[in-house]
$ cat data_25.csv   # CSV, N, CA and C atoms and all ligand atoms
chain,number,residue,atom,x,y,z
A,24,MET,N,63.6,54.5,45.3
A,24,MET,CA,63.6,54.1,43.9
A,24,MET,C,64.6,52.9,43.7
A,25,THR,N,64.1,51.9,43.1
A,25,THR,CA,65.0,50.7,42.8
A,25,THR,C,65.8,51.1,41.6
A,26,ILE,N,67.1,51.0,41.8
A,26,ILE,CA,68.0,51.4,40.8
A,26,ILE,C,68.3,50.4,39.8
A,27,GLY,N,68.4,49.1,40.2
A,27,GLY,CA,68.7,48.0,39.2
A,27,GLY,C,70.1,47.8,39.1
A,28,LYS,N,70.5,46.7,38.3
A,28,LYS,CA,71.9,46.4,38.1
A,28,LYS,C,72.4,46.9,36.8
A,29,PHE,N,73.5,47.6,36.9
A,29,PHE,CA,74.1,48.2,35.7
A,29,PHE,C,75.3,47.5,35.2
A,30,ALA,N,75.5,47.6,33.9
A,30,ALA,CA,76.8,47.4,33.2
A,30,ALA,C,77.1,48.7,32.5
A,31,ALA,N,78.4,48.9,32.2
A,31,ALA,CA,78.8,50.0,31.5
A,31,ALA,C,79.5,49.5,30.2
A,32,ALA,N,79.1,50.1,29.1
A,32,ALA,CA,79.7,49.7,27.8
A,32,ALA,C,80.5,50.9,27.2
A,33,LEU,N,81.7,50.7,26.9
A,33,LEU,CA,82.5,51.7,26.2
A,33,LEU,C,82.5,51.2,24.7
A,34,THR,N,81.7,51.9,23.9
A,34,THR,CA,81.4,51.4,22.6
A,34,THR,C,81.3,52.5,21.6
A,35,CYS,N,81.1,52.1,20.3
A,35,CYS,CA,80.9,53.1,19.3
A,35,CYS,C,79.6,53.8,19.3
A,36,MET,N,79.5,55.0,18.7
A,36,MET,CA,78.2,55.7,18.7
A,36,MET,C,77.3,55.1,17.7
A,37,ASP,N,77.7,54.1,16.9
A,37,ASP,CA,76.9,53.5,15.9
A,37,ASP,C,75.7,52.7,16.5
A,38,GLY,N,74.5,53.0,16.1
A,38,GLY,CA,73.3,52.4,16.7
A,38,GLY,C,73.1,51.0,16.4
A,39,ARG,N,73.7,50.4,15.3
A,39,ARG,CA,73.4,49.0,14.9
A,39,ARG,C,73.7,48.0,16.0
A,40,PRO,N,74.9,48.1,16.6
A,40,PRO,CA,75.2,47.0,17.6
A,40,PRO,C,74.6,47.2,19.0
A,41,MET,N,73.9,48.3,19.2
A,41,MET,CA,73.5,48.6,20.6
A,41,MET,C,72.6,47.6,21.2
A,42,GLN,N,71.5,47.2,20.5
A,42,GLN,CA,70.6,46.2,21.1
A,42,GLN,C,71.3,44.9,21.4
A,43,ALA,N,72.2,44.5,20.6
A,43,ALA,CA,72.9,43.2,20.8
A,43,ALA,C,73.8,43.3,22.1
A,44,ILE,N,74.3,44.5,22.3
A,44,ILE,CA,75.2,44.7,23.5
A,44,ILE,C,74.3,44.6,24.7
A,45,ILE,N,73.1,45.3,24.7
A,45,ILE,CA,72.2,45.3,25.8
A,45,ILE,C,71.7,43.9,26.1
A,46,ASP,N,71.3,43.2,25.1
A,46,ASP,CA,70.9,41.8,25.2
A,46,ASP,C,71.9,40.9,25.9
A,47,TRP,N,73.2,41.1,25.4
A,47,TRP,CA,74.3,40.3,25.9
A,47,TRP,C,74.5,40.6,27.4
A,48,ALA,N,74.5,41.9,27.7
A,48,ALA,CA,74.7,42.2,29.1
A,48,ALA,C,73.6,41.7,30.1
A,49,LYS,N,72.4,41.7,29.6
A,49,LYS,CA,71.3,41.2,30.3
A,49,LYS,C,71.4,39.7,30.5
A,50,LYS,N,71.7,39.0,29.4
A,50,LYS,CA,71.7,37.5,29.5
A,50,LYS,C,73.0,37.0,30.2
A,51,GLU,N,74.2,37.6,29.9
A,51,GLU,CA,75.4,37.0,30.4
A,51,GLU,C,75.9,37.6,31.7
A,52,ARG,N,75.4,38.8,32.0
A,52,ARG,CA,75.9,39.5,33.2
A,52,ARG,C,74.8,39.9,34.1
A,53,GLY,N,73.6,39.5,33.8
A,53,GLY,CA,72.4,39.9,34.7
A,53,GLY,C,72.2,41.3,34.9
A,54,ALA,N,72.5,42.1,33.9
A,54,ALA,CA,72.3,43.6,34.0
A,54,ALA,C,70.8,43.9,33.6
A,55,ASP,N,70.4,45.0,34.3
A,55,ASP,CA,69.0,45.5,34.0
A,55,ASP,C,69.2,46.6,33.0
A,56,PHE,N,70.3,47.4,33.1
A,56,PHE,CA,70.5,48.5,32.3
A,56,PHE,C,72.0,48.6,31.8
A,57,VAL,N,72.2,49.2,30.7
A,57,VAL,CA,73.6,49.4,30.2
A,57,VAL,C,73.9,50.9,30.0
A,58,ASP,N,74.8,51.4,30.7
A,58,ASP,CA,75.2,52.8,30.5
A,58,ASP,C,76.1,52.8,29.2
A,59,MET,N,75.7,53.6,28.2
A,59,MET,CA,76.4,53.6,27.0
A,59,MET,C,77.4,54.8,26.9
A,60,ILE,N,78.6,54.5,26.9
A,60,ILE,CA,79.7,55.6,26.8
A,60,ILE,C,80.2,55.5,25.4
A,61,THR,N,79.9,56.5,24.6
A,61,THR,CA,80.2,56.3,23.2
A,61,THR,C,81.1,57.3,22.6
A,62,ALA,N,81.8,56.8,21.5
A,62,ALA,CA,82.6,57.6,20.7
A,62,ALA,C,82.7,56.9,19.3
A,63,ALA,N,82.9,57.6,18.3
A,63,ALA,CA,83.1,57.0,17.0
A,63,ALA,C,84.3,56.1,17.0
A,64,GLY,N,84.2,54.8,16.8
A,64,GLY,CA,85.4,53.9,16.9
A,64,GLY,C,86.0,53.9,18.3
A,65,MET,N,85.2,53.7,19.3
A,65,MET,CA,85.6,53.7,20.7
A,65,MET,C,86.8,52.8,21.0
A,66,ASP,N,86.8,51.6,20.3
A,66,ASP,CA,87.9,50.7,20.6
A,66,ASP,C,89.3,51.3,20.3
A,67,LYS,N,89.3,51.9,19.1
A,67,LYS,CA,90.6,52.6,18.7
A,67,LYS,C,90.9,53.8,19.5
A,68,VAL,N,89.8,54.6,19.8
A,68,VAL,CA,90.0,55.8,20.6
A,68,VAL,C,90.7,55.4,22.0
A,69,LEU,N,90.2,54.4,22.6
A,69,LEU,CA,90.7,54.0,23.9
A,69,LEU,C,92.1,53.4,23.7
A,70,ALA,N,92.3,52.6,22.7
A,70,ALA,CA,93.6,52.0,22.5
A,70,ALA,C,94.7,53.0,22.2
A,71,THR,N,94.3,54.1,21.6
A,71,THR,CA,95.4,55.1,21.1
A,71,THR,C,95.4,56.4,21.9
A,72,LYS,N,94.3,56.8,22.5
A,72,LYS,CA,94.3,58.2,23.1
A,72,LYS,C,94.0,58.2,24.6
A,73,LYS,N,93.3,57.2,25.1
A,73,LYS,CA,92.9,57.2,26.5
A,73,LYS,C,92.3,58.5,27.1
A,74,PRO,N,91.3,59.0,26.4
A,74,PRO,CA,90.8,60.3,26.8
A,74,PRO,C,90.1,60.4,28.2
A,75,GLU,N,90.4,61.4,28.9
A,75,GLU,CA,89.9,61.6,30.3
A,75,GLU,C,88.4,61.7,30.3
A,76,GLN,N,87.8,62.2,29.3
A,76,GLN,CA,86.3,62.4,29.4
A,76,GLN,C,85.6,61.0,29.6
A,77,TYR,N,86.1,60.0,28.9
A,77,TYR,CA,85.5,58.7,29.0
A,77,TYR,C,85.8,58.1,30.4
A,78,LYS,N,86.9,58.4,30.9
A,78,LYS,CA,87.3,57.9,32.3
A,78,LYS,C,86.3,58.5,33.3
A,79,LYS,N,86.0,59.8,33.1
A,79,LYS,CA,85.0,60.5,34.0
A,79,LYS,C,83.6,59.8,33.9
A,80,MET,N,83.2,59.5,32.6
A,80,MET,CA,81.9,58.9,32.4
A,80,MET,C,81.9,57.5,33.1
A,81,LEU,N,82.9,56.8,32.9
A,81,LEU,CA,83.0,55.4,33.5
A,81,LEU,C,82.9,55.5,35.0
A,82,ARG,N,83.6,56.5,35.5
A,82,ARG,CA,83.6,56.7,37.0
A,82,ARG,C,82.1,56.9,37.5
A,83,ILE,N,81.4,57.7,36.8
A,83,ILE,CA,80.0,57.9,37.2
A,83,ILE,C,79.2,56.6,37.1
A,84,SER,N,79.4,55.8,36.1
A,84,SER,CA,78.7,54.6,36.0
A,84,SER,C,79.1,53.6,37.2
A,85,ILE,N,80.3,53.6,37.6
A,85,ILE,CA,80.8,52.8,38.7
A,85,ILE,C,80.3,53.3,40.0
A,86,LYS,N,80.6,54.6,40.2
A,86,LYS,CA,80.3,55.2,41.6
A,86,LYS,C,78.8,55.4,41.8
A,87,HIS,N,78.1,55.9,40.8
A,87,HIS,CA,76.7,56.3,41.1
A,87,HIS,C,75.7,55.2,40.7
A,88,HIS,N,76.0,54.4,39.7
A,88,HIS,CA,75.1,53.3,39.3
A,88,HIS,C,75.6,52.0,39.8
A,89,ARG,N,76.8,52.0,40.4
A,89,ARG,CA,77.4,50.7,40.9
A,89,ARG,C,77.5,49.6,39.8
A,90,ALA,N,77.9,50.0,38.6
A,90,ALA,CA,78.0,49.1,37.5
A,90,ALA,C,78.9,47.9,38.0
A,91,LYS,N,78.5,46.7,37.6
A,91,LYS,CA,79.3,45.5,38.0
A,91,LYS,C,80.0,44.9,36.9
A,92,THR,N,79.9,45.4,35.7
A,92,THR,CA,80.6,44.8,34.5
A,92,THR,C,80.9,46.0,33.6
A,93,VAL,N,82.1,45.9,33.0
A,93,VAL,CA,82.5,46.9,32.0
A,93,VAL,C,82.7,46.1,30.7
A,94,LEU,N,82.1,46.7,29.6
A,94,LEU,CA,82.3,46.1,28.3
A,94,LEU,C,83.0,47.0,27.4
A,95,ILE,N,84.0,46.4,26.7
A,95,ILE,CA,84.7,47.2,25.6
A,95,ILE,C,84.2,46.6,24.3
A,96,VAL,N,83.7,47.4,23.5
A,96,VAL,CA,83.0,46.9,22.3
A,96,VAL,C,83.6,47.5,21.0
A,97,GLY,N,83.9,46.6,20.0
A,97,GLY,CA,84.2,46.9,18.7
A,97,GLY,C,83.2,46.3,17.8
A,98,HIS,N,83.0,46.8,16.6
A,98,HIS,CA,82.0,46.2,15.7
A,98,HIS,C,82.4,46.2,14.2
A,99,GLN,N,81.7,45.4,13.5
A,99,GLN,CA,81.9,45.2,12.0
A,99,GLN,C,81.5,46.5,11.3
A,100,ASP,N,82.1,46.8,10.2
A,100,ASP,CA,81.6,48.0,9.4
A,100,ASP,C,81.7,49.3,10.2
A,101,CYS,N,82.7,49.5,11.0
A,101,CYS,CA,82.8,50.7,11.8
A,101,CYS,C,83.4,51.8,11.1
A,102,ALA,N,82.6,52.9,11.0
A,102,ALA,CA,83.1,54.1,10.2
A,102,ALA,C,84.2,54.8,11.0
A,103,GLY,N,84.1,54.7,12.3
A,103,GLY,CA,85.1,55.4,13.2
A,103,GLY,C,86.4,54.7,13.3
A,104,ASN,N,86.4,53.4,13.1
A,104,ASN,CA,87.6,52.5,13.1
A,104,ASN,C,87.5,51.5,12.0
A,105,PRO,N,87.7,52.0,10.7
A,105,PRO,CA,87.4,51.1,9.6
A,105,PRO,C,88.5,50.1,9.3
A,106,VAL,N,88.7,49.1,10.1
A,106,VAL,CA,89.7,48.1,10.0
A,106,VAL,C,89.1,46.7,10.0
A,107,LYS,N,89.9,45.7,9.7
A,107,LYS,CA,89.4,44.3,9.7
A,107,LYS,C,89.3,43.9,11.1
A,108,GLN,N,88.5,42.7,11.3
A,108,GLN,CA,88.2,42.2,12.6
A,108,GLN,C,89.5,42.0,13.5
A,109,GLU,N,90.6,41.5,12.8
A,109,GLU,CA,91.8,41.2,13.5
A,109,GLU,C,92.3,42.4,14.3
A,110,GLN,N,92.3,43.6,13.5
A,110,GLN,CA,92.7,44.8,14.2
A,110,GLN,C,91.8,45.3,15.3
A,111,HIS,N,90.5,45.1,15.1
A,111,HIS,CA,89.5,45.4,16.1
A,111,HIS,C,89.9,44.6,17.4
A,112,GLU,N,90.2,43.4,17.2
A,112,GLU,CA,90.5,42.5,18.3
A,112,GLU,C,91.7,43.0,19.1
A,113,LYS,N,92.7,43.5,18.3
A,113,LYS,CA,93.9,44.1,18.9
A,113,LYS,C,93.6,45.3,19.7
A,114,ASP,N,92.7,46.2,19.1
A,114,ASP,CA,92.3,47.4,19.7
A,114,ASP,C,91.5,47.2,21.0
A,115,ILE,N,90.6,46.2,20.9
A,115,ILE,CA,89.8,45.8,22.0
A,115,ILE,C,90.7,45.4,23.2
A,116,LYS,N,91.7,44.6,22.9
A,116,LYS,CA,92.6,44.1,24.0
A,116,LYS,C,93.3,45.2,24.6
A,117,LYS,N,93.8,46.1,23.8
A,117,LYS,CA,94.5,47.3,24.3
A,117,LYS,C,93.6,48.2,25.2
A,118,ALA,N,92.4,48.4,24.6
A,118,ALA,CA,91.4,49.2,25.3
A,118,ALA,C,91.0,48.6,26.6
A,119,LYS,N,91.0,47.3,26.7
A,119,LYS,CA,90.6,46.6,27.9
A,119,LYS,C,91.6,46.9,29.0
A,120,LYS,N,92.9,46.9,28.6
A,120,LYS,CA,94.0,47.3,29.6
A,120,LYS,C,93.8,48.7,30.1
A,121,VAL,N,93.4,49.6,29.2
A,121,VAL,CA,93.2,51.0,29.6
A,121,VAL,C,92.0,51.1,30.6
A,122,ALA,N,91.0,50.4,30.3
A,122,ALA,CA,89.8,50.4,31.2
A,122,ALA,C,90.2,49.8,32.6
A,123,GLU,N,91.0,48.7,32.6
A,123,GLU,CA,91.4,48.1,33.8
A,123,GLU,C,92.3,49.0,34.7
A,124,LYS,N,93.1,49.8,34.0
A,124,LYS,CA,93.9,50.8,34.7
A,124,LYS,C,93.0,51.8,35.4
A,125,TRP,N,92.0,52.3,34.6
A,125,TRP,CA,91.0,53.3,35.2
A,125,TRP,C,90.3,52.7,36.4
A,126,LEU,N,89.9,51.4,36.3
A,126,LEU,CA,89.2,50.8,37.4
A,126,LEU,C,90.1,50.7,38.6
A,127,LYS,N,91.4,50.5,38.4
A,127,LYS,CA,92.3,50.4,39.5
A,127,LYS,C,92.4,51.8,40.2
A,128,ASP,N,92.4,52.8,39.4
A,128,ASP,CA,92.4,54.2,39.9
A,128,ASP,C,91.2,54.4,40.7
A,129,PHE,N,90.0,53.8,40.4
A,129,PHE,CA,88.8,54.0,41.1
A,129,PHE,C,88.7,53.0,42.3
A,130,GLU,N,89.7,52.2,42.4
A,130,GLU,CA,89.7,51.1,43.4
A,130,GLU,C,88.4,50.2,43.3
A,131,ALA,N,88.1,49.9,42.0
A,131,ALA,CA,86.9,49.1,41.7
A,131,ALA,C,87.3,47.8,41.2
A,132,LYS,N,86.9,46.7,41.8
A,132,LYS,CA,87.3,45.4,41.3
A,132,LYS,C,86.1,44.9,40.5
A,133,ILE,N,86.1,45.2,39.2
A,133,ILE,CA,85.0,44.9,38.3
A,133,ILE,C,85.6,44.2,37.1
A,134,PRO,N,85.0,43.1,36.6
A,134,PRO,CA,85.5,42.5,35.4
A,134,PRO,C,85.2,43.3,34.1
A,135,VAL,N,86.2,43.2,33.2
A,135,VAL,CA,86.1,43.9,31.9
A,135,VAL,C,86.1,42.8,30.8
A,136,PHE,N,85.1,42.9,30.0
A,136,PHE,CA,85.0,42.0,28.8
A,136,PHE,C,85.1,42.7,27.5
A,137,GLY,N,85.8,42.1,26.6
A,137,GLY,CA,86.0,42.7,25.3
A,137,GLY,C,85.1,42.0,24.3
A,138,LEU,N,84.2,42.7,23.6
A,138,LEU,CA,83.2,42.1,22.7
A,138,LEU,C,83.4,42.6,21.3
A,139,TYR,N,83.1,41.8,20.3
A,139,TYR,CA,83.1,42.2,18.9
A,139,TYR,C,81.7,41.8,18.4
A,140,VAL,N,81.0,42.8,17.8
A,140,VAL,CA,79.6,42.6,17.3
A,140,VAL,C,79.6,42.7,15.8
A,141,GLU,N,79.1,41.6,15.2
A,141,GLU,CA,79.0,41.6,13.7
A,141,GLU,C,77.6,41.1,13.3
A,142,GLU,N,77.3,41.5,12.1
A,142,GLU,CA,76.0,41.0,11.5
A,142,GLU,C,76.1,39.7,10.9
A,143,LYS,N,75.3,38.8,11.3
A,143,LYS,CA,75.3,37.4,10.8
A,143,LYS,C,73.8,37.0,10.5
A,144,ASN,N,73.5,36.7,9.3
A,144,ASN,CA,72.2,36.3,8.9
A,144,ASN,C,71.2,37.4,9.2
A,145,GLY,N,71.6,38.7,9.0
A,145,GLY,CA,70.7,39.8,9.2
A,145,GLY,C,70.5,40.2,10.6
A,146,LYS,N,71.3,39.6,11.5
A,146,LYS,CA,71.1,39.9,13.0
A,146,LYS,C,72.5,40.3,13.6
A,147,TRP,N,72.5,41.3,14.4
A,147,TRP,CA,73.8,41.7,15.0
A,147,TRP,C,74.0,40.8,16.2
A,148,GLN,N,75.2,40.2,16.2
A,148,GLN,CA,75.5,39.2,17.2
A,148,GLN,C,76.9,39.5,17.9
A,149,VAL,N,76.9,39.1,19.2
A,149,VAL,CA,78.1,39.4,20.0
A,149,VAL,C,79.0,38.2,20.1
A,150,ALA,N,80.3,38.4,19.9
A,150,ALA,CA,81.3,37.4,20.2
A,150,ALA,C,82.2,37.9,21.3
A,151,LYS,N,82.4,37.1,22.4
A,151,LYS,CA,83.4,37.6,23.4
A,151,LYS,C,84.8,37.3,22.9
A,152,ILE,N,85.6,38.4,22.9
A,152,ILE,CA,87.0,38.3,22.4
A,152,ILE,C,87.9,38.0,23.6
A,153,ILE,N,87.6,38.6,24.7
A,153,ILE,CA,88.6,38.5,25.8
A,153,ILE,C,87.8,38.7,27.1
B,201,ZN,ZN,81.6,52.2,14.8
$ encode --input "data_25.csv" --output "structure tokens" --more "lines below"
Ligand SMILES: [Zn+2]
Amino acid sequence: MTIGKFAAALTCMDGRPMQAIIDWAKKERGADFVDMITAAGMDKVLATKKPEQYKKMLRISIKHHRAKTVLIVGHQDCAGNPVKQEQHEKDIKKAKKVAEKWLKDFEAKIPVFGLYVEEKNGKWQVAKII
């Protein structure tokens, strides 16, 4: 079975930004598939709590799917992290550090990108924050 190239996204459970994240990972990182590791307001969850369950899920994505990119995603109008874009960007930067620490624990040298997704002209679009 051809497995394909994976990226892993630590993102919100909100369905609206999903397609934009997948499209970005395909276009910018050559991914065929994106493993979605979700929580309500994931950027804040990672920045403040660093929960082990998501570390476990990321490990599966890296070890079993050989994910080559990790994405940390925050988005506009987030019910799980209802803050302004500036705070999302701060949370995304903190969350990126958490993910990088986890990758170090896995001995995986994989780039981590922080993305913010917002609706512009009726379309969800990705901006790379870091
Ligand atoms: Zn959200």
$ residues_around --input "data_25.csv" --residues "Asn104 (chain A)" --least-positions-apart "4" --cutoff "7 Å" --atoms "all atoms listed in the file" --output "count of residues only"
5
$ residues_around --input "data_25.csv" --residues "region 133-148 of chain A" --least-positions-apart "5" --cutoff "9 Å" --atoms "only C-alpha atoms" --output "ChimeraX atom specification"
/A:39-44,47,85,90-100,108,111-112,115-116,118-120,122-123,126,153
$ write_last_selection --input "data_25.csv" --atoms "N, CA and C atoms" --output "CSV table (one decimal), keeping the file's coordinate frame"
chain,number,residue,atom,x,y,z
A,39,ARG,N,73.7,50.4,15.3
A,39,ARG,CA,73.4,49.0,14.9
A,39,ARG,C,73.7,48.0,16.0
A,40,PRO,N,74.9,48.1,16.6
A,40,PRO,CA,75.2,47.0,17.6
A,40,PRO,C,74.6,47.2,19.0
A,41,MET,N,73.9,48.3,19.2
A,41,MET,CA,73.5,48.6,20.6
A,41,MET,C,72.6,47.6,21.2
A,42,GLN,N,71.5,47.2,20.5
A,42,GLN,CA,70.6,46.2,21.1
A,42,GLN,C,71.3,44.9,21.4
A,43,ALA,N,72.2,44.5,20.6
A,43,ALA,CA,72.9,43.2,20.8
A,43,ALA,C,73.8,43.3,22.1
A,44,ILE,N,74.3,44.5,22.3
A,44,ILE,CA,75.2,44.7,23.5
A,44,ILE,C,74.3,44.6,24.7
A,47,TRP,N,73.2,41.1,25.4
A,47,TRP,CA,74.3,40.3,25.9
A,47,TRP,C,74.5,40.6,27.4
A,85,ILE,N,80.3,53.6,37.6
A,85,ILE,CA,80.8,52.8,38.7
A,85,ILE,C,80.3,53.3,40.0
A,90,ALA,N,77.9,50.0,38.6
A,90,ALA,CA,78.0,49.1,37.5
A,90,ALA,C,78.9,47.9,38.0
A,91,LYS,N,78.5,46.7,37.6
A,91,LYS,CA,79.3,45.5,38.0
A,91,LYS,C,80.0,44.9,36.9
A,92,THR,N,79.9,45.4,35.7
A,92,THR,CA,80.6,44.8,34.5
A,92,THR,C,80.9,46.0,33.6
A,93,VAL,N,82.1,45.9,33.0
A,93,VAL,CA,82.5,46.9,32.0
A,93,VAL,C,82.7,46.1,30.7
A,94,LEU,N,82.1,46.7,29.6
A,94,LEU,CA,82.3,46.1,28.3
A,94,LEU,C,83.0,47.0,27.4
A,95,ILE,N,84.0,46.4,26.7
A,95,ILE,CA,84.7,47.2,25.6
A,95,ILE,C,84.2,46.6,24.3
A,96,VAL,N,83.7,47.4,23.5
A,96,VAL,CA,83.0,46.9,22.3
A,96,VAL,C,83.6,47.5,21.0
A,97,GLY,N,83.9,46.6,20.0
A,97,GLY,CA,84.2,46.9,18.7
A,97,GLY,C,83.2,46.3,17.8
A,98,HIS,N,83.0,46.8,16.6
A,98,HIS,CA,82.0,46.2,15.7
A,98,HIS,C,82.4,46.2,14.2
A,99,GLN,N,81.7,45.4,13.5
A,99,GLN,CA,81.9,45.2,12.0
A,99,GLN,C,81.5,46.5,11.3
A,100,ASP,N,82.1,46.8,10.2
A,100,ASP,CA,81.6,48.0,9.4
A,100,ASP,C,81.7,49.3,10.2
A,108,GLN,N,88.5,42.7,11.3
A,108,GLN,CA,88.2,42.2,12.6
A,108,GLN,C,89.5,42.0,13.5
A,111,HIS,N,90.5,45.1,15.1
A,111,HIS,CA,89.5,45.4,16.1
A,111,HIS,C,89.9,44.6,17.4
A,112,GLU,N,90.2,43.4,17.2
A,112,GLU,CA,90.5,42.5,18.3
A,112,GLU,C,91.7,43.0,19.1
A,115,ILE,N,90.6,46.2,20.9
A,115,ILE,CA,89.8,45.8,22.0
A,115,ILE,C,90.7,45.4,23.2
A,116,LYS,N,91.7,44.6,22.9
A,116,LYS,CA,92.6,44.1,24.0
A,116,LYS,C,93.3,45.2,24.6
A,118,ALA,N,92.4,48.4,24.6
A,118,ALA,CA,91.4,49.2,25.3
A,118,ALA,C,91.0,48.6,26.6
A,119,LYS,N,91.0,47.3,26.7
A,119,LYS,CA,90.6,46.6,27.9
A,119,LYS,C,91.6,46.9,29.0
A,120,LYS,N,92.9,46.9,28.6
A,120,LYS,CA,94.0,47.3,29.6
A,120,LYS,C,93.8,48.7,30.1
A,122,ALA,N,91.0,50.4,30.3
A,122,ALA,CA,89.8,50.4,31.2
A,122,ALA,C,90.2,49.8,32.6
A,123,GLU,N,91.0,48.7,32.6
A,123,GLU,CA,91.4,48.1,33.8
A,123,GLU,C,92.3,49.0,34.7
A,126,LEU,N,89.9,51.4,36.3
A,126,LEU,CA,89.2,50.8,37.4
A,126,LEU,C,90.1,50.7,38.6
A,153,ILE,N,87.6,38.6,24.7
A,153,ILE,CA,88.6,38.5,25.8
A,153,ILE,C,87.8,38.7,27.1
$ residues_near_ligand --input "data_25.csv" --ligand "ligand ZN 201 (chain B)" --cutoff "5 Å" --atoms "all atoms listed in the file" --output "ChimeraX atom specification"
/A:35,37,64,101-103
$ atom_distance --input "data_25.csv" --atom1 "atom C of Val106 (chain A)" --atom2 "atom N of Lys127 (chain A)"
28.7 Å
$ residues_around --input "data_25.csv" --residues "Lys117 (chain A)" --least-positions-apart "4" --cutoff "7 Å" --atoms "all atoms listed in the file" --output "PyMOL selection string"
chain A and resi 69-71+112-113+121-122
$ select_by_dssp --input "data_25.csv" --residues "chain A" --states "helix (DSSP H, G or I)" --output "ChimeraX atom specification"
/A:41-52,65-71,75-86,108-128
$ atom_distance --input "data_25.csv" --atom1 "atom C of Asp128 (chain A)" --atom2 "CA of Met80 (chain A)"
13.3 Å
$ decode --input "data_25.csv" --residues "region 112-127 of chain A" --atoms "N, CA and C atoms" --output "short mmCIF file (atom, residue, chain, number, x, y, z; two decimals), in the first residue's frame"
data_model
loop_
_atom_site.label_atom_id
_atom_site.label_comp_id
_atom_site.auth_asym_id
_atom_site.auth_seq_id
_atom_site.Cartn_x
_atom_site.Cartn_y
_atom_site.Cartn_z
N GLU A 112 -1.93 34.86 17.81
CA GLU A 112 -0.54 34.78 17.33
C GLU A 112 0.41 34.47 18.47
N LYS A 113 0.16 35.06 19.63
CA LYS A 113 0.98 34.76 20.82
C LYS A 113 0.82 33.29 21.21
N ASP A 114 -0.43 32.82 21.22
CA ASP A 114 -0.70 31.43 21.60
C ASP A 114 -0.06 30.45 20.60
N ILE A 115 -0.14 30.81 19.33
CA ILE A 115 0.44 29.95 18.27
C ILE A 115 1.96 29.85 18.47
N LYS A 116 2.58 30.97 18.79
CA LYS A 116 4.04 30.97 19.00
C LYS A 116 4.42 30.12 20.21
N LYS A 117 3.67 30.23 21.29
CA LYS A 117 3.92 29.40 22.48
C LYS A 117 3.69 27.92 22.16
N ALA A 118 2.59 27.66 21.45
CA ALA A 118 2.23 26.28 21.11
C ALA A 118 3.30 25.66 20.21
N LYS A 119 3.88 26.47 19.34
CA LYS A 119 4.95 25.98 18.46
C LYS A 119 6.13 25.48 19.29
N LYS A 120 6.47 26.22 20.34
CA LYS A 120 7.57 25.81 21.22
C LYS A 120 7.25 24.47 21.89
N VAL A 121 5.99 24.30 22.30
CA VAL A 121 5.57 23.04 22.94
C VAL A 121 5.73 21.89 21.95
N ALA A 122 5.26 22.09 20.72
CA ALA A 122 5.37 21.04 19.70
C ALA A 122 6.84 20.73 19.39
N GLU A 123 7.67 21.75 19.37
CA GLU A 123 9.10 21.54 19.08
C GLU A 123 9.76 20.73 20.19
N LYS A 124 9.33 20.96 21.42
CA LYS A 124 9.85 20.18 22.55
C LYS A 124 9.44 18.71 22.40
N TRP A 125 8.19 18.50 22.03
CA TRP A 125 7.70 17.12 21.83
C TRP A 125 8.50 16.43 20.73
N LEU A 126 8.74 17.15 19.64
CA LEU A 126 9.48 16.56 18.51
C LEU A 126 10.90 16.20 18.95
N LYS A 127 11.46 17.02 19.81
CA LYS A 127 12.79 16.74 20.34
C LYS A 127 12.75 15.43 21.15
#
